[in-house]
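Heads up, the thing below is written out as structure tokens.
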Amino acid sequence: MSELPRQMGSRLQPVQSGAWRLSLLVAVFLSTGCGFHLRTFDLNTAVSSVHVSSNGRNFVEQPLRAGLQQAGVELMPVRDEAQIAVALLNQRRDRRSVAVTDQAQAAEYELDLAVQYSVQKPDGELLIEPRWAETSRIYRVDRVNLVGTSEEQALLEREMINDLVQQIVRALDAATQELAVAG
């Protein structure tokens with residue numbers, strides 16, 4: 001068996017290439033067997049085109065468009081050309097402290113995101129009455145590493161927005177399946 005030198009500190013130690021390859025192979029098999037997969041947005045209905053609109057700049061609009069495209073749905077620029085229309089009506093973003101330190105500084109924050117939406121057919125009939133999709137998370141404030149805390153908040157917001165998109169896509173899926181069954 002050939003040996004590859006690896007530097008550890010100031011000494012060189014031999015590493016057997018067979019053991020290294022076996023470890024890599026085991027790691028690959030374990031990661032595929034653990035259920036890890038990229039999040040996808042699947043629509044199990046025959047919806048082929050959607051129009052998405054919002055009142056101003058909505059933080060869910062672009063991720064929703066991307067999720068629908070990922071699901072194979074064509075985005076239509078004109079509402080009348082689409083099979084269904086999703087209207088993002090309102091949004092809410094709140095942050096409040098939920099725990100404080102002994103110096104009366106915030107130790108944990110709760111972040112709440114919500115978006116109000118409705119779904120209509122081209123003739124104006126509501127498939128989904130205006131409703132709120134909501135999500136919230138709690139994160140800890142590190143007073144020593146404020147940059148890390150702000151990065152954690154930004155990461156949480158991205159995950160929460162993905163959760164909101166998932167909620168809207170699942171509601172679209174359910175409403176259009178009911179429509180297909182009724183029609």
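Residues are referred to by chain and number: the chain letter is A, B, ... according to the order shown in the structure tokens, the number counts from 1 in that chain, and ligands are numbered separately from 1 in the order shown.
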### Contact residues around Gln91 in chain A with only C-alpha atoms at 7 Å, ignoring same-chain residues under 6 positions, as a PyMOL selection string
chain A and resi 58+114-116
Those same residues, written as a short mmCIF file (atom, residue, chain, number, x, y, z; two decimals), in the first residue's frame with N, CA and C atoms?
```
data_model
loop_
_atom_site.label_atom_id
_atom_site.label_comp_id
_atom_site.auth_asym_id
_atom_site.auth_seq_id
_atom_site.Cartn_x
_atom_site.Cartn_y
_atom_site.Cartn_z
N ASN A 58 -42.31 43.61 -1.93
CA ASN A 58 -42.61 42.58 -0.95
C ASN A 58 -41.42 41.64 -0.84
N ALA A 114 -44.32 37.72 8.15
CA ALA A 114 -45.63 37.29 7.66
C ALA A 114 -45.92 37.97 6.34
N VAL A 115 -46.67 37.29 5.51
CA VAL A 115 -47.11 37.87 4.24
C VAL A 115 -48.57 37.49 4.03
N GLN A 116 -49.36 38.47 3.60
CA GLN A 116 -50.76 38.22 3.29
C GLN A 116 -50.87 38.05 1.78
#
```
### 9 Å contact set for Leu64 in chain A, only C-alpha atoms, chain neighbours under 5 positions out, as a list in words
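Residues meeting the cut-off are Val52, Gln69, Ile161, Asn162, Leu164, Val165, Gln166, Ile168 and Val169 of chain A.
Atom to atom, CA of Leu89 in chain A and CA of Phe59 in chain A stand 11.6 Å apart.
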### Task
Enumerate as a list in words all residues of range 51-143 of chain A assigned to alpha helix (DSSP H) by DSSP on the backbone, naming them with the chain letters and numbers the document uses.
Glu61, Gln62, Pro63, Leu64, Arg65, Ala66, Gly67, Leu68, Gln69 and Gln70 of chain A
Could the residues in this selection be saved with C-alpha atoms as a PDB file, in the first residue's frame?
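Output file again11.pdb follows:
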```pdb
ATOM      1  CA  GLU A  61     -42.023  38.252  -4.224  1.00  0.00           C
ATOM      2  CA  GLN A  62     -38.641  37.338  -5.757  1.00  0.00           C
ATOM      3  CA  PRO A  63     -38.172  34.093  -3.762  1.00  0.00           C
ATOM      4  CA  LEU A  64     -41.747  33.061  -4.665  1.00  0.00           C
ATOM      5  CA  ARG A  65     -41.083  33.705  -8.350  1.00  0.00           C
ATOM      6  CA  ALA A  66     -37.865  31.671  -8.149  1.00  0.00           C
ATOM      7  CA  GLY A  67     -39.637  28.817  -6.318  1.00  0.00           C
ATOM      8  CA  LEU A  68     -42.438  28.682  -8.876  1.00  0.00           C
ATOM      9  CA  GLN A  69     -39.951  28.637 -11.735  1.00  0.00           C
ATOM     10  CA  GLN A  70     -38.032  25.861  -9.970  1.00  0.00           C
TER      11      GLN A  70
END
```
### Message
Calculated over only C-alpha atoms, which of the candidates A:Arg93, A:Arg79, A:Arg158, A:Arg131 has the smallest distance to Ala171 in chain A?
### Response
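Of the candidates, the smallest distance to Ala171 in chain A is held by A:Arg131.
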### Straight-line distance linking CA of Ala85 in chain A with CA of Pro122 in chain A, stated in Å to one decimal
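Value for the CA of Ala85 in chain A-CA of Pro122 in chain A distance: 7.1 Å.
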### Query
Which one of A:Arg137, A:Arg57, A:Arg170, A:Arg96 sits closest to Ala154 in chain A if you count only C-alpha atoms?
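Once distances to Ala154 in chain A are computed over only C-alpha atoms, the minimum belongs to A:Arg137.
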